[in-house]
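Shown next, in C-alpha cells, is the structure this report addresses.
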Amino acid sequence: MCFGLGLSCCIALIEILCYLSLVTVPLLGSFYGADTIYRISIHLIIHSLLIECIPKFLKQAIPFFSLILFVLLIFIPITLTPWIVIWIYSNIIFLTEPFLKIAEVIVILNFVMRMSQSAADEIERDESSSFNYKGAILVASSLCYAVTASLAYDIYQSAASSQVLCLFLIILFSIALHNMMWMAHEGIISDCAFTCLVNVAVLYTMYTETEQISSPLVEPLTWKQSFQTKQSVINIITSIIFMKLDNAQRAISFLKRFFTPLFLGLFAIRLYSILFIVKKVTRNFFQDEDEILTVKDFEEDTDSPWKSPALLKISIIFMLTQFTGHFLEDWSGQTSSDTWLLNATEGIWPSQLLISRLVQIMAVNVFYMWRLYQAEDWTWNIWLTP
C-alpha cells in the first residue's frame, strides 16, 4: 500500500515537473532568443501529445514512462527540428496574434457582462438581497472608473501627442456609450464602466509598448550564435550557468520585463481567451445551434479545457511561446506583428499608434454597442458563454 502511494506521488510529481518546465521558456528566450523557444516549444507540444496518446496499459507497465520521455526531451538536440517546421510554427504564431488580440477583449468583456447580468437577474428575483447586488455593481463600477482615471492621467502626462488625441477621442466616445447605456432599458452601469476601462487600458498598453519598441534592449551575443552545433536544452542551461557576466546582464534585462504586471496581466487574459475559444470550438461542433441555453447549463458544463491535461498543456505552451517570442522581438527591435505594420506604414502612419491596439479598441466598443442593441431580446448564445 505504501509502495502504491509512493508511486502515485512520484507520477504526480512528474506531471508537475512537466508544467514547471514551462517556466524555463522565458528564461531560455531571454538568453538565446525567439528561435530557441520556438524549437523548445515544438518539443514540449510533441511531448504532451505523446503522453496523451500513450495507452493506459503501457503507463501501468512503465510507471515512469512520461519521465523517460521528458528526459529524452531535454537531451535531444533542438536543432534536429527541420527549419520548415520552425518556419510554419513561427508564422502560425505571427498570423494568429492579431486575431487573438481582438478575441481577448471581446471574451473578457463578455465574461464581465455575463456576471453583471447574473447580478441583475438576482436583483429582480430576490428583493431581499437586491441591496447587496446593487452595492456590488456600484463598487465594481467605481473601481473601474478610478483605475480608468488613473491610467488616463498617466497617458495625458507622459504619452505622445497622437496618443493623447486618442485619449480625448476615447473620452468623448465613452460619454456617448454612457448615453446609449442610459437610453437602453437593459443597460448596466458596470458593463459601461468596464468598457471604458478596457478602452483606456488598451491605450495605456499601446503607450507602454511603443516606448519599449522605440528604445530596444541590446541583444545578448548568444542570440546571434548559429544553430549548426547540436545543442540540447540541457546544454543550453549549462551554458547559461557558465555565461559571461556581460551577456548575462543583457539577458537579465529581458528577463525582468517578463515579471512586470503588464506582461503577467496580458498573459492571463490571453490564456483565458484561448482556453475559452478552444472550449467553444470543441464543444459546439456537437451542439445544436438553435438550442437555447441557460446560465444553469453553463454552470453544470463539465466539458472544460482545464479537465483535459493535454489541451491545457498545449494551450499554455502555445500562449507562453507566442507571448515570449512576440515581446522578445518587440523589445529587441526585431520584426513582430506590431513592428511589421509600423515599418510598412513608415512615413504614412504615426509610429506611436499601433494598429492592432486601435482595432482592439474598436472591437470592444462595437461588441458593447451590439450587446446593448440586442439586450431586450438577448439569449445566451453557445459561442458567447464563459
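Labeling convention for the C-alpha cells: chains A, B, ... as they appear, residues from 1 per chain, ligands from 1 in order of appearance.
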
List the spatial neighbours of Glu329 (chain A) as a ChimeraX atom specification - criterion: any atom at most 12 Å away, only C-alpha atoms, same-chain residues fewer than 3 positions off excluded. /A:29-30,33-35,94,209,212-213,216-219,223,254,321-326,332-340

Please identify which residues in region 76-316 of chain A DSSP calls alpha helix (DSSP H) from the backbone, and express them as an NGL selection string. :A and (83-125 or 130-158 or 161-183 or 189-214 or 233-241 or 245-257 or 261-284 or 295-299 or 309-316)

Identify which of the residues A:Leu271, A:Cys166, A:Ile84, A:Leu221 lies closest to Asn247 (chain A), counting only C-alpha atoms when measuring atom-to-atom distances.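 Of A:Leu271, A:Cys166, A:Ile84, A:Leu221, the one nearest Asn247 (chain A), counting only C-alpha atoms, is A:Leu221.
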
Find the residues of region 177-277 of chain A that sit at most 8 Å from region 152-164 of chain A; for each, write down the nearest two atoms and how far apart they are in Å, to one decimal. Count only C-alpha atoms. Sort by chain, then by number going up, and give it as CSV.
```
residue,atom,partner,partner_atom,distance
A:Val200,CA,A:Ala152,CA,6.5
A:Leu203,CA,A:Gln163,CA,7.5
A:Tyr204,CA,A:Ile155,CA,6.5
A:Tyr207,CA,A:Ala159,CA,6.3
```

Restricting it to C-alpha atoms, dump the selection as a compact mmCIF listing (two decimals), in the first residue's frame.
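Result went into out_18.txt, see below:
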```
# COMPACT_ATOMS: atom_id res chain seq x y z
CA VAL A 200 -8.10 53.24 -21.68
CA LEU A 203 -4.40 52.68 -24.96
CA TYR A 204 -2.07 52.57 -21.94
CA TYR A 207 1.75 53.66 -24.89
```

In terms of only C-alpha atoms, the residue from A:Ala176, A:Ile54, A:Ile42, A:Ile88 at minimal distance from Met369 (chain A) is A:Ala176

So that I can see what lies close to Leu109 (chain A), please list as number ranges by chain the residues with an atom at most 12 Å from it, counting only C-alpha atoms and leaving out residues fewer than 5 positions away in the same chain. A: 102-104, 114-116, 190-199, 269, 273, 360-361, 363-369, 371, 384-386

Tell me which of A:Phe131, A:Ser174, A:Gly187, A:Phe111 sits closest to Gln374 (chain A), counting only C-alpha atoms.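 Under the stated criterion, the closest residue is A:Gly187.
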
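Minimum atom-to-atom distance to Leu44 (chain A), evaluated using only C-alpha atoms, belongs to A:Ser315 out of A:Ser239, A:Ser315, A:Thr282, A:Ser141.
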
What is the distance, in Å and to one decimal place, between CA of Thr79 (chain A) and CA of Arg250 (chain A)?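 Result for CA of Thr79 (chain A) versus CA of Arg250 (chain A): 24.0 Å, one decimal.
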